[in-house]
$ cat run-v5.csv   # CSV, C-alpha atoms and all ligand atoms
chain,number,residue,atom,x,y,z
A,169,MET,CA,0.0,0.0,0.0
A,170,PRO,CA,1.5,3.4,-0.9
A,171,THR,CA,2.4,5.9,1.8
A,172,LYS,CA,0.6,9.2,1.6
A,173,SER,CA,1.9,12.7,2.4
A,174,LYS,CA,5.2,11.8,4.0
A,175,ASN,CA,5.8,14.4,6.7
A,176,PRO,CA,9.0,16.2,5.6
A,177,PHE,CA,9.6,17.2,9.2
A,178,LEU,CA,9.7,13.6,10.4
A,179,PRO,CA,13.4,12.5,10.3
A,180,PHE,CA,14.0,9.6,8.0
A,181,GLY,CA,14.8,7.3,10.9
A,182,ASP,CA,11.5,8.1,12.5
A,183,GLN,CA,9.7,7.3,9.2
A,184,GLN,CA,11.3,3.9,9.2
A,185,ARG,CA,10.3,3.4,12.8
A,186,ALA,CA,6.7,4.3,12.0
A,187,PRO,CA,5.9,1.8,9.3
A,188,TRP,CA,2.2,2.6,9.3
A,189,TYR,CA,2.7,6.3,8.8
A,190,GLY,CA,0.5,7.5,5.9
A,191,LYS,CA,-1.0,4.1,5.2
A,192,ASP,CA,-4.7,3.5,4.3
A,193,ILE,CA,-6.6,0.8,6.4
A,194,LEU,CA,-9.0,-0.8,3.9
A,195,THR,CA,-9.2,-4.5,4.6
A,196,VAL,CA,-8.1,-7.0,7.1
A,197,LYS,CA,-6.2,-8.8,4.3
A,198,GLN,CA,-3.4,-6.2,4.7
A,199,PHE,CA,-2.4,-7.3,8.2
A,200,SER,CA,0.2,-9.9,8.9
A,201,ARG,CA,0.4,-11.7,12.2
A,202,ALA,CA,3.2,-9.5,13.3
A,203,ASP,CA,1.1,-6.4,12.5
A,204,LEU,CA,-1.7,-7.7,14.7
A,205,ASP,CA,0.7,-8.2,17.6
A,206,TYR,CA,1.9,-4.7,17.1
A,207,ILE,CA,-1.6,-3.1,16.9
A,208,PHE,CA,-2.7,-5.0,20.0
A,209,GLY,CA,0.4,-4.0,21.9
A,210,VAL,CA,-0.3,-0.3,21.1
A,211,ALA,CA,-4.0,-0.7,21.9
A,212,HIS,CA,-3.1,-2.2,25.2
A,213,GLU,CA,-0.9,0.8,26.0
A,214,MET,CA,-3.7,3.1,25.0
A,215,ARG,CA,-6.0,1.3,27.4
A,216,ILE,CA,-3.5,1.8,30.3
A,217,MET,CA,-3.0,5.5,29.4
A,218,VAL,CA,-6.7,6.2,29.2
A,219,GLU,CA,-7.2,4.4,32.6
A,220,ARG,CA,-4.4,6.4,34.2
A,221,VAL,CA,-4.6,9.8,32.7
A,222,GLY,CA,-7.7,9.9,30.4
A,223,THR,CA,-6.4,12.2,27.7
A,224,PHE,CA,-2.9,12.9,26.4
A,225,ASP,CA,-1.4,15.0,23.6
A,226,LEU,CA,0.1,12.5,21.2
A,227,LEU,CA,-1.9,13.8,18.2
A,228,LYS,CA,-2.1,17.5,19.2
A,229,GLY,CA,-2.6,19.6,16.1
A,230,LYS,CA,-3.9,16.7,14.0
A,231,ILE,CA,-7.4,16.7,12.4
A,232,LEU,CA,-9.6,13.7,11.6
A,233,ALA,CA,-12.4,14.0,9.1
A,234,ASN,CA,-15.1,11.5,10.2
A,235,LEU,CA,-17.2,11.0,7.1
A,236,PHE,CA,-20.3,8.8,7.5
A,237,TYR,CA,-22.8,8.0,4.7
A,238,GLU,CA,-24.5,5.4,6.8
A,239,PRO,CA,-25.8,5.5,10.4
A,240,SER,CA,-23.3,4.8,13.2
A,241,THR,CA,-23.1,5.2,16.9
A,242,ARG,CA,-20.0,3.3,18.1
A,243,THR,CA,-17.7,3.6,15.1
A,244,SER,CA,-18.2,7.3,14.6
A,245,SER,CA,-18.2,8.3,18.3
A,246,SER,CA,-15.3,6.0,19.2
A,247,PHE,CA,-13.1,7.5,16.4
A,248,ASN,CA,-14.2,10.9,17.5
A,249,ALA,CA,-13.4,10.2,21.1
A,250,ALA,CA,-10.1,8.4,20.1
A,251,MET,CA,-8.9,11.5,18.3
A,252,GLN,CA,-9.9,13.8,21.2
A,253,ARG,CA,-8.3,11.6,23.8
A,254,LEU,CA,-5.1,11.9,21.8
A,255,GLY,CA,-5.4,15.7,21.8
A,256,GLY,CA,-6.5,16.0,18.2
A,257,ALA,CA,-9.6,17.6,16.6
A,258,VAL,CA,-12.4,16.2,14.5
A,259,ILE,CA,-14.5,17.4,11.5
A,260,PRO,CA,-17.7,15.3,12.0
A,261,ILE,CA,-19.8,14.7,8.8
A,262,SER,CA,-22.4,12.3,9.9
A,263,GLU,CA,-25.3,13.8,8.0
A,264,VAL,CA,-24.0,13.8,4.4
A,265,LYS,CA,-27.4,15.2,3.4
A,266,TYR,CA,-26.2,18.5,4.9
A,267,SER,CA,-22.9,18.4,3.0
A,268,SER,CA,-22.3,19.0,-0.7
A,269,VAL,CA,-22.9,15.3,-1.2
A,270,ALA,CA,-26.6,16.4,-1.4
A,271,LYS,CA,-25.7,18.6,-4.3
A,272,GLY,CA,-24.3,15.6,-6.2
A,273,GLU,CA,-20.6,15.8,-5.3
A,274,SER,CA,-18.8,12.5,-5.9
A,275,LEU,CA,-17.0,10.5,-3.3
A,276,PRO,CA,-13.6,11.2,-5.0
A,277,ASP,CA,-14.2,15.0,-4.9
A,278,THR,CA,-15.5,14.8,-1.4
A,279,VAL,CA,-12.4,13.1,-0.1
A,280,ARG,CA,-10.1,15.3,-2.2
A,281,THR,CA,-11.8,18.2,-0.4
A,282,LEU,CA,-11.4,16.7,3.1
A,283,SER,CA,-7.7,15.9,2.3
A,284,CYS,CA,-7.1,19.7,2.2
A,285,TYR,CA,-8.4,20.2,5.7
A,286,ALA,CA,-7.7,17.0,7.6
A,287,ASP,CA,-4.8,14.6,8.3
A,288,VAL,CA,-6.8,11.4,8.2
A,289,ILE,CA,-10.2,10.4,6.9
A,290,VAL,CA,-12.5,7.8,8.4
A,291,LEU,CA,-15.2,6.7,5.9
A,292,ARG,CA,-18.4,4.6,6.2
A,293,HIS,CA,-20.3,4.1,3.0
A,294,PRO,CA,-23.0,1.8,1.7
A,295,GLU,CA,-21.1,0.5,-1.4
A,296,VAL,CA,-18.5,-2.3,-1.4
A,297,GLY,CA,-15.1,-0.9,-2.4
A,298,ALA,CA,-16.0,2.7,-1.5
A,299,ALA,CA,-13.1,3.0,0.9
A,300,ALA,CA,-10.6,1.7,-1.7
A,301,LEU,CA,-12.0,4.2,-4.2
A,302,ALA,CA,-11.8,7.0,-1.7
A,303,ALA,CA,-8.2,6.0,-0.9
A,304,LYS,CA,-7.2,6.4,-4.6
A,305,TYR,CA,-8.3,10.0,-4.6
A,306,ALA,CA,-7.5,11.1,-1.0
A,307,GLY,CA,-4.2,12.7,-0.3
A,308,LYS,CA,-4.4,11.6,3.3
A,309,PRO,CA,-4.8,8.1,4.8
A,310,VAL,CA,-8.3,6.6,4.6
A,311,ILE,CA,-9.6,4.2,7.2
A,312,ASN,CA,-12.5,2.0,6.2
A,313,ALA,CA,-15.3,2.2,8.8
A,314,GLY,CA,-17.6,-0.2,6.8
A,315,ASP,CA,-18.1,-0.4,3.1
A,316,GLY,CA,-21.6,-1.8,2.5
A,317,VAL,CA,-21.6,-5.6,2.8
A,318,GLY,CA,-17.9,-5.7,2.2
A,319,GLU,CA,-15.7,-5.3,5.2
A,320,HIS,CA,-15.4,-3.5,8.6
A,321,PRO,CA,-11.7,-4.0,9.3
A,322,THR,CA,-11.4,-1.8,12.5
A,323,GLN,CA,-14.3,-3.8,14.0
A,324,ALA,CA,-12.6,-7.1,13.3
A,325,LEU,CA,-9.4,-5.7,15.0
A,326,LEU,CA,-11.4,-4.7,18.0
A,327,ASP,CA,-13.2,-8.0,18.1
A,328,THR,CA,-9.9,-9.8,18.0
A,329,PHE,CA,-8.4,-7.5,20.6
A,330,THR,CA,-11.5,-8.2,22.8
A,331,ILE,CA,-10.9,-12.0,22.6
A,332,ARG,CA,-7.3,-11.5,23.5
A,333,GLU,CA,-8.0,-9.3,26.5
A,334,GLU,CA,-11.0,-11.4,27.7
A,335,LEU,CA,-9.7,-15.0,27.1
A,336,GLY,CA,-6.0,-14.2,27.3
A,337,ARG,CA,-5.3,-16.0,24.0
A,338,LEU,CA,-6.1,-16.0,20.3
A,339,GLU,CA,-5.0,-19.6,19.6
A,340,ASN,CA,-6.9,-22.8,19.8
A,341,LEU,CA,-10.4,-21.3,19.9
A,342,THR,CA,-13.7,-22.5,18.5
A,343,VAL,CA,-15.5,-19.4,17.2
A,344,THR,CA,-19.2,-19.6,16.3
A,345,MET,CA,-20.6,-16.8,14.1
A,346,LEU,CA,-24.4,-16.6,14.3
A,347,GLY,CA,-27.1,-14.7,12.4
A,348,ASP,CA,-26.8,-12.7,9.2
A,349,LEU,CA,-23.5,-13.9,7.8
A,350,LYS,CA,-24.4,-12.9,4.2
A,351,TYR,CA,-24.9,-9.2,4.7
A,352,GLY,CA,-22.9,-8.7,8.0
A,353,ARG,CA,-19.7,-7.1,7.0
A,354,THR,CA,-18.2,-7.6,10.5
A,355,VAL,CA,-18.1,-11.4,10.1
A,356,HIS,CA,-16.6,-11.1,6.6
A,357,SER,CA,-13.7,-9.2,8.2
A,358,LEU,CA,-13.5,-11.3,11.4
A,359,ALA,CA,-13.5,-14.7,9.6
A,360,ARG,CA,-10.6,-13.6,7.4
A,361,LEU,CA,-8.7,-12.1,10.3
A,362,LEU,CA,-9.0,-15.1,12.5
A,363,THR,CA,-7.2,-17.2,9.8
A,364,GLN,CA,-4.0,-15.6,11.2
A,365,PHE,CA,-4.1,-17.6,14.4
A,366,ASN,CA,-3.2,-21.3,15.1
A,367,GLY,CA,-5.8,-23.8,16.1
A,368,ILE,CA,-8.9,-21.7,15.1
A,369,LYS,CA,-12.0,-23.6,14.2
A,370,LEU,CA,-15.0,-21.7,12.7
A,371,HIS,CA,-18.7,-22.6,12.8
A,372,TYR,CA,-21.3,-20.6,10.9
A,373,VAL,CA,-24.9,-20.7,12.1
A,374,SER,CA,-27.5,-18.8,10.0
A,375,PRO,CA,-30.8,-19.1,8.2
A,376,ASP,CA,-30.2,-20.8,4.8
A,377,ILE,CA,-30.6,-17.5,2.9
A,378,LEU,CA,-28.1,-15.7,5.1
A,379,ARG,CA,-25.1,-18.1,4.8
A,380,MET,CA,-21.5,-16.9,4.8
A,381,PRO,CA,-20.5,-15.9,1.2
A,382,ARG,CA,-18.6,-18.4,-0.9
A,383,ASP,CA,-15.7,-16.0,-1.5
A,384,VAL,CA,-15.0,-15.5,2.3
A,385,MET,CA,-15.3,-19.3,2.8
A,386,ASP,CA,-12.9,-20.0,0.0
A,387,GLU,CA,-10.3,-17.5,1.5
A,388,VAL,CA,-10.7,-19.2,4.9
A,389,ALA,CA,-10.3,-22.6,3.3
A,390,GLU,CA,-7.1,-21.5,1.5
A,391,LYS,CA,-5.5,-20.8,4.9
A,392,GLY,CA,-6.4,-24.3,6.1
A,393,ILE,CA,-8.8,-23.2,8.8
A,394,PRO,CA,-11.6,-25.8,9.5
A,395,GLN,CA,-15.1,-24.3,9.0
A,396,THR,CA,-18.5,-25.7,9.0
A,397,ASP,CA,-22.0,-24.4,8.2
A,398,HIS,CA,-25.0,-25.2,10.4
A,399,ALA,CA,-28.7,-24.5,10.5
A,400,ALA,CA,-28.9,-24.8,14.3
A,401,LEU,CA,-26.8,-23.8,17.3
A,402,ASP,CA,-27.5,-26.5,19.9
A,403,LYS,CA,-24.9,-29.1,18.8
A,404,ILE,CA,-22.0,-26.7,18.6
A,405,LEU,CA,-22.8,-24.3,21.5
A,406,PRO,CA,-21.2,-26.6,24.1
A,407,GLU,CA,-17.8,-26.5,22.4
A,408,THR,CA,-17.8,-22.8,21.5
A,409,ASP,CA,-15.3,-20.4,23.1
A,410,VAL,CA,-16.5,-17.3,21.3
A,411,LEU,CA,-20.1,-16.9,20.3
A,412,TYR,CA,-20.2,-14.0,17.8
A,413,VAL,CA,-23.9,-12.9,17.4
A,414,THR,CA,-25.0,-10.5,14.6
A,415,ARG,CA,-28.0,-8.5,13.7
A,416,VAL,CA,-30.0,-9.4,10.6
A,417,GLN,CA,-29.2,-6.4,8.4
A,418,LYS,CA,-32.6,-5.1,7.6
A,419,GLU,CA,-31.3,-2.3,5.5
A,420,ARG,CA,-29.8,-4.7,3.0
A,421,PHE,CA,-33.0,-6.5,2.1
A,422,ASP,CA,-35.0,-5.7,-1.0
A,423,ASP,CA,-38.2,-7.4,0.4
A,424,VAL,CA,-39.1,-6.5,3.9
A,425,ALA,CA,-41.3,-9.7,4.1
A,426,VAL,CA,-38.2,-11.8,3.7
A,427,TYR,CA,-36.5,-9.9,6.5
A,428,GLU,CA,-39.5,-10.5,8.7
A,429,LYS,CA,-39.3,-14.2,8.2
A,430,VAL,CA,-35.7,-14.5,9.2
A,431,LYS,CA,-35.2,-11.6,11.7
A,432,ASP,CA,-35.8,-13.7,14.8
A,433,ALA,CA,-34.3,-17.0,13.6
A,434,PHE,CA,-31.9,-17.1,16.5
A,435,ILE,CA,-32.3,-15.5,19.9
A,436,ILE,CA,-29.7,-15.9,22.7
A,437,SER,CA,-31.1,-16.0,26.2
A,438,PRO,CA,-30.0,-17.2,29.6
A,439,GLU,CA,-31.9,-20.4,28.9
A,440,VAL,CA,-30.1,-21.1,25.6
A,441,MET,CA,-26.7,-20.2,27.3
A,442,LYS,CA,-27.2,-23.0,29.9
A,443,ALA,CA,-25.7,-25.3,27.3
A,444,ALA,CA,-22.5,-23.2,26.8
A,445,LYS,CA,-19.2,-23.4,28.7
A,446,LYS,CA,-18.6,-21.3,31.8
A,447,GLU,CA,-15.4,-19.9,30.4
A,448,MET,CA,-16.4,-18.5,27.1
A,449,ILE,CA,-17.6,-15.1,25.8
A,450,VAL,CA,-20.5,-13.8,23.8
A,451,LEU,CA,-19.6,-10.9,21.4
A,452,HIS,CA,-21.9,-8.7,19.2
A,453,PRO,CA,-20.7,-5.8,17.1
A,454,LEU,CA,-23.9,-4.0,18.1
A,455,PRO,CA,-26.4,-2.5,17.6
A,456,ARG,CA,-28.5,-5.3,19.1
A,457,VAL,CA,-32.2,-5.6,18.0
A,458,ASN,CA,-33.6,-8.9,19.3
A,459,GLU,CA,-30.7,-11.3,18.9
A,460,ILE,CA,-29.7,-11.3,22.6
A,461,THR,CA,-32.3,-10.9,25.4
A,462,MET,CA,-31.5,-8.1,27.8
A,463,ASP,CA,-31.7,-10.5,30.8
A,464,PHE,CA,-28.5,-12.1,29.5
A,465,ASP,CA,-26.5,-8.8,29.8
A,466,ALA,CA,-25.6,-9.3,33.5
A,467,ASP,CA,-24.0,-12.7,32.7
A,468,PRO,CA,-20.1,-12.5,33.0
A,469,ARG,CA,-19.9,-14.1,29.6
A,470,ALA,CA,-21.8,-11.2,28.0
A,471,ALA,CA,-18.7,-9.3,26.7
A,472,TYR,CA,-20.4,-7.1,24.1
A,473,PHE,CA,-20.4,-3.9,26.1
A,474,ARG,CA,-16.8,-4.3,27.1
A,475,GLN,CA,-16.1,-5.1,23.4
A,476,MET,CA,-17.3,-1.6,22.3
A,477,GLU,CA,-15.0,0.0,25.0
A,478,TYR,CA,-12.0,-1.9,23.6
A,479,GLY,CA,-12.9,-0.3,20.2
A,480,LEU,CA,-11.8,3.1,21.6
A,481,TYR,CA,-8.3,1.7,22.4
A,482,VAL,CA,-7.9,0.0,19.0
A,483,ARG,CA,-9.0,3.1,17.2
A,484,MET,CA,-6.6,5.3,19.2
A,485,ALA,CA,-3.8,2.9,18.2
A,486,LEU,CA,-4.8,3.0,14.5
A,487,LEU,CA,-4.9,6.8,14.4
A,488,ALA,CA,-1.6,7.1,16.2
A,489,MET,CA,-0.1,4.6,13.7
A,490,VAL,CA,-1.3,6.2,10.5
A,491,LEU,CA,-0.3,9.6,11.8
A,492,GLY,CA,3.3,8.4,12.4
A,493,LYS,CA,3.2,8.5,16.2
A,494,ALA,CA,3.3,4.8,17.0
A,501,LIG,N1,-22.5,-1.9,13.4
A,501,LIG,C1,-22.0,-3.0,12.6
A,501,LIG,C2,-21.8,-2.5,11.2
A,501,LIG,O1,-22.0,-1.3,10.9
A,501,LIG,C3,-23.0,-4.1,12.8
A,501,LIG,C4,-24.4,-3.8,12.5
A,501,LIG,O2,-24.8,-2.7,12.1
A,501,LIG,O3,-25.2,-4.8,12.7
A,501,LIG,O4,-21.5,-3.3,10.4
A,502,LIG,N1,-20.3,-1.9,15.6
A,502,LIG,C1,-20.6,-0.8,14.8
A,502,LIG,O1,-20.0,-0.6,13.7
A,502,LIG,O2,-21.5,0.0,15.4
A,502,LIG,P1,-22.1,1.3,14.7
A,502,LIG,O3,-22.8,0.9,13.5
A,502,LIG,O4,-23.0,1.9,15.8
A,502,LIG,O5,-20.9,2.2,14.4
$ encode --input "run-v5.csv" --output "structure tokens" --more "lines below"
Ligand code: ASP
Ligand code: CP
Amino acid sequence: MPTKSKNPFLPFGDQQRAPWYGKDILTVKQFSRADLDYIFGVAHEMRIMVERVGTFDLLKGKILANLFYEPSTRTSSSFNAAMQRLGGAVIPISEVKYSSVAKGESLPDTVRTLSCYADVIVLRHPEVGAAALAAKYAGKPVINAGDGVGEHPTQALLDTFTIREELGRLENLTVTMLGDLKYGRTVHSLARLLTQFNGIKLHYVSPDILRMPRDVMDEVAEKGIPQTDHAALDKILPETDVLYVTRVQKERFDDVAVYEKVKDAFIISPEVMKAAKKEMIVLHPLPRVNEITMDFDADPRAAYFRQMEYGLYVRMALLAMVLGKA
């Protein structure tokens, strides 16, 4: 991936020591195992710093353009908070209808514009490949915050970081992905990312029409990771270490009647979870609709609210890295 806008004031040695400086973050496919260890190390340090001092000036004077063409609570506010906790500033564009996008401005022109004012651009967009397209035209690093049904790489990084912090390891785990595996971009990124770790076994549980896409399964198979498709959860829940629950992505359905038929296909409740291990975790990228009942939230295995907090630390790490400060 080419490096953008090398900082002429950063001594050459520092540029070498900051290998992520100026890089786009578009897909989990760009990360090696060593990269992941590095990101998680920086994220862990960010966690300690936030817990000790709250805010510090690592990115003072830097500006993030937070450009969201689709709704978001966690991703947009955690990137915003991450930048502010590192002493930087944010241009928030969450309502593109109030920007010149509403006048017909193209994505390339919009990111060219923001490149004049900001040092890094975070983009969420309904079309697959939008972040890659934006990266071609932006003079500043672009971070993919979800491109349609494509990928959500920063979510997969925070999901993996959560597993590491909660279970203490990323090896020898049985991970069960449940729900809308067809349209859910988070599972497309996570399944790919988990292929980096030894001893991972993947189970997919979904309604027939929402199965994991063939291309993702082919990529996982190429890495030699065992994966199996299921129509029901009961047989595999007892061996599961990480149950990754997803929302049926209503906004991706052409026919709302089809959505209605599958929306409540799987519901996780304290009753269902009696069959699961004591030492395991339940994750969900959120937002939740009906997939997990609220009376499960107090269970220590319910890690989804802690998961969104870990997102702050991972996004702080990523911003520091692409801005040459980690
Ligand atoms: N927030 C996640 C996403 O944007 C998951 C979801 O919306 O269900 O992909
Ligand atoms: N997990 C996630 O991307 O949440 P938001 O859609 O609220 O950003």
$ residues_near_ligand --input "run-v5.csv" --ligand "ligand LIG 502 (chain A)" --cutoff "7 Å" --atoms "all atoms listed in the file" --output "list of chain:residue names"
A:Pro239, A:Ser240, A:Thr241, A:Arg242, A:Thr243, A:Ser244, A:Gln323, A:Pro453, A:Leu454, A:Pro455
$ residues_near_ligand --input "run-v5.csv" --ligand "ligand LIG 501 (chain A)" --cutoff "10 Å" --atoms "all atoms listed in the file" --output "PyMOL selection string"
chain A and resi 238-243+292-294+313-321+323+348+351-356+413-419+452-457
$ atom_distance --input "run-v5.csv" --atom1 "atom CA of Ala286 of chain A" --atom2 "atom CA of Val482 of chain A"
20.5 Å
$ residues_around --input "run-v5.csv" --residues "segment 357-361 of chain A" --least-positions-apart "4" --cutoff "9 Å" --atoms "only C-alpha atoms" --output "ChimeraX atom specification"
/A:195-197,199,318-325,327-328,345,353,365,370,384-385,387-388
$ closest_residue --input "run-v5.csv" --among "A:Arg201, A:Lys308, A:Lys230, A:Arg253" --to "Leu282 of chain A" --atoms "only C-alpha atoms"
A:Lys308
$ closest_residue --input "run-v5.csv" --among "A:Leu487, A:Leu194, A:Asn248, A:Ile261" --to "Ala303 of chain A" --atoms "all atoms listed in the file"
A:Leu194
$ closest_residue --input "run-v5.csv" --among "A:Phe236, A:Phe224, A:Tyr478, A:Phe473" --to "Ala211 of chain A" --atoms "all atoms listed in the file"
A:Tyr478
$ atom_distance --input "run-v5.csv" --atom1 "atom CA of Asp225 of chain A" --atom2 "atom CA of Met251 of chain A"
9.8 Å
$ atom_distance --input "run-v5.csv" --atom1 "atom CA of Gly336 of chain A" --atom2 "atom CA of Ile404 of chain A"
22.1 Å
$ closest_residue --input "run-v5.csv" --among "A:Tyr427, A:Phe421, A:Tyr285, A:Tyr237" --to "Ala257 of chain A" --atoms "all atoms listed in the file"
A:Tyr285
$ residues_around --input "run-v5.csv" --residues "segment 272-279 of chain A" --least-positions-apart "6" --cutoff "7 Å" --atoms "only C-alpha atoms" --output "JSON list (two decimals) with C-alpha atoms, in the frame of the given file"
[["chain", "number", "residue", "atom", "x", "y", "z"],
["A", 302, "ALA", "CA", -11.80, 7.00, -1.70],
["A", 305, "TYR", "CA", -8.30, 10.00, -4.60],
["A", 306, "ALA", "CA", -7.50, 11.10, -1.00]]
$ build_atoms --input "run-v5.csv" --residues "segment 457-469 of chain A" --atoms "N, CA, C and O atoms" --output "PDB file, in the frame of the given file"
ATOM      1  N   VAL A 457     -30.724  -5.840  18.173  1.00  0.00           N
ATOM      2  CA  VAL A 457     -32.200  -5.600  18.000  1.00  0.00           C
ATOM      3  C   VAL A 457     -32.845  -6.652  18.961  1.00  0.00           C
ATOM      4  O   VAL A 457     -33.151  -6.347  20.117  1.00  0.00           O
ATOM      5  N   ASN A 458     -33.002  -7.904  18.467  1.00  0.00           N
ATOM      6  CA  ASN A 458     -33.600  -8.900  19.300  1.00  0.00           C
ATOM      7  C   ASN A 458     -32.741 -10.146  19.532  1.00  0.00           C
ATOM      8  O   ASN A 458     -33.178 -11.106  20.140  1.00  0.00           O
ATOM      9  N   GLU A 459     -31.512 -10.110  19.002  1.00  0.00           N
ATOM     10  CA  GLU A 459     -30.700 -11.300  18.900  1.00  0.00           C
ATOM     11  C   GLU A 459     -30.254 -11.845  20.289  1.00  0.00           C
ATOM     12  O   GLU A 459     -29.948 -13.028  20.430  1.00  0.00           O
ATOM     13  N   ILE A 460     -30.129 -10.937  21.257  1.00  0.00           N
ATOM     14  CA  ILE A 460     -29.700 -11.300  22.600  1.00  0.00           C
ATOM     15  C   ILE A 460     -30.704 -10.691  23.571  1.00  0.00           C
ATOM     16  O   ILE A 460     -30.898  -9.467  23.524  1.00  0.00           O
ATOM     17  N   THR A 461     -31.313 -11.478  24.433  1.00  0.00           N
ATOM     18  CA  THR A 461     -32.300 -10.900  25.400  1.00  0.00           C
ATOM     19  C   THR A 461     -31.547 -10.078  26.431  1.00  0.00           C
ATOM     20  O   THR A 461     -30.425 -10.424  26.831  1.00  0.00           O
ATOM     21  N   MET A 462     -32.202  -9.009  26.888  1.00  0.00           N
ATOM     22  CA  MET A 462     -31.500  -8.100  27.800  1.00  0.00           C
ATOM     23  C   MET A 462     -31.228  -8.785  29.166  1.00  0.00           C
ATOM     24  O   MET A 462     -30.306  -8.376  29.879  1.00  0.00           O
ATOM     25  N   ASP A 463     -31.973  -9.832  29.499  1.00  0.00           N
ATOM     26  CA  ASP A 463     -31.700 -10.500  30.800  1.00  0.00           C
ATOM     27  C   ASP A 463     -30.416 -11.334  30.736  1.00  0.00           C
ATOM     28  O   ASP A 463     -30.002 -11.871  31.758  1.00  0.00           O
ATOM     29  N   PHE A 464     -29.767 -11.406  29.575  1.00  0.00           N
ATOM     30  CA  PHE A 464     -28.500 -12.100  29.500  1.00  0.00           C
ATOM     31  C   PHE A 464     -27.312 -11.081  29.819  1.00  0.00           C
ATOM     32  O   PHE A 464     -26.189 -11.477  30.105  1.00  0.00           O
ATOM     33  N   ASP A 465     -27.611  -9.782  29.764  1.00  0.00           N
ATOM     34  CA  ASP A 465     -26.500  -8.800  29.800  1.00  0.00           C
ATOM     35  C   ASP A 465     -25.703  -8.851  31.118  1.00  0.00           C
ATOM     36  O   ASP A 465     -24.523  -8.487  31.115  1.00  0.00           O
ATOM     37  N   ALA A 466     -26.309  -9.289  32.204  1.00  0.00           N
ATOM     38  CA  ALA A 466     -25.600  -9.300  33.500  1.00  0.00           C
ATOM     39  C   ALA A 466     -24.695 -10.560  33.612  1.00  0.00           C
ATOM     40  O   ALA A 466     -23.895 -10.669  34.552  1.00  0.00           O
ATOM     41  N   ASP A 467     -24.811 -11.493  32.685  1.00  0.00           N
ATOM     42  CA  ASP A 467     -24.000 -12.700  32.700  1.00  0.00           C
ATOM     43  C   ASP A 467     -22.523 -12.326  32.456  1.00  0.00           C
ATOM     44  O   ASP A 467     -22.249 -11.555  31.532  1.00  0.00           O
ATOM     45  N   PRO A 468     -21.564 -12.836  33.246  1.00  0.00           N
ATOM     46  CA  PRO A 468     -20.100 -12.500  33.000  1.00  0.00           C
ATOM     47  C   PRO A 468     -19.660 -12.807  31.614  1.00  0.00           C
ATOM     48  O   PRO A 468     -18.707 -12.205  31.117  1.00  0.00           O
ATOM     49  N   ARG A 469     -20.298 -13.764  30.958  1.00  0.00           N
ATOM     50  CA  ARG A 469     -19.900 -14.100  29.600  1.00  0.00           C
ATOM     51  C   ARG A 469     -20.337 -13.115  28.559  1.00  0.00           C
ATOM     52  O   ARG A 469     -19.869 -13.132  27.424  1.00  0.00           O
TER      53      ARG A 469
END
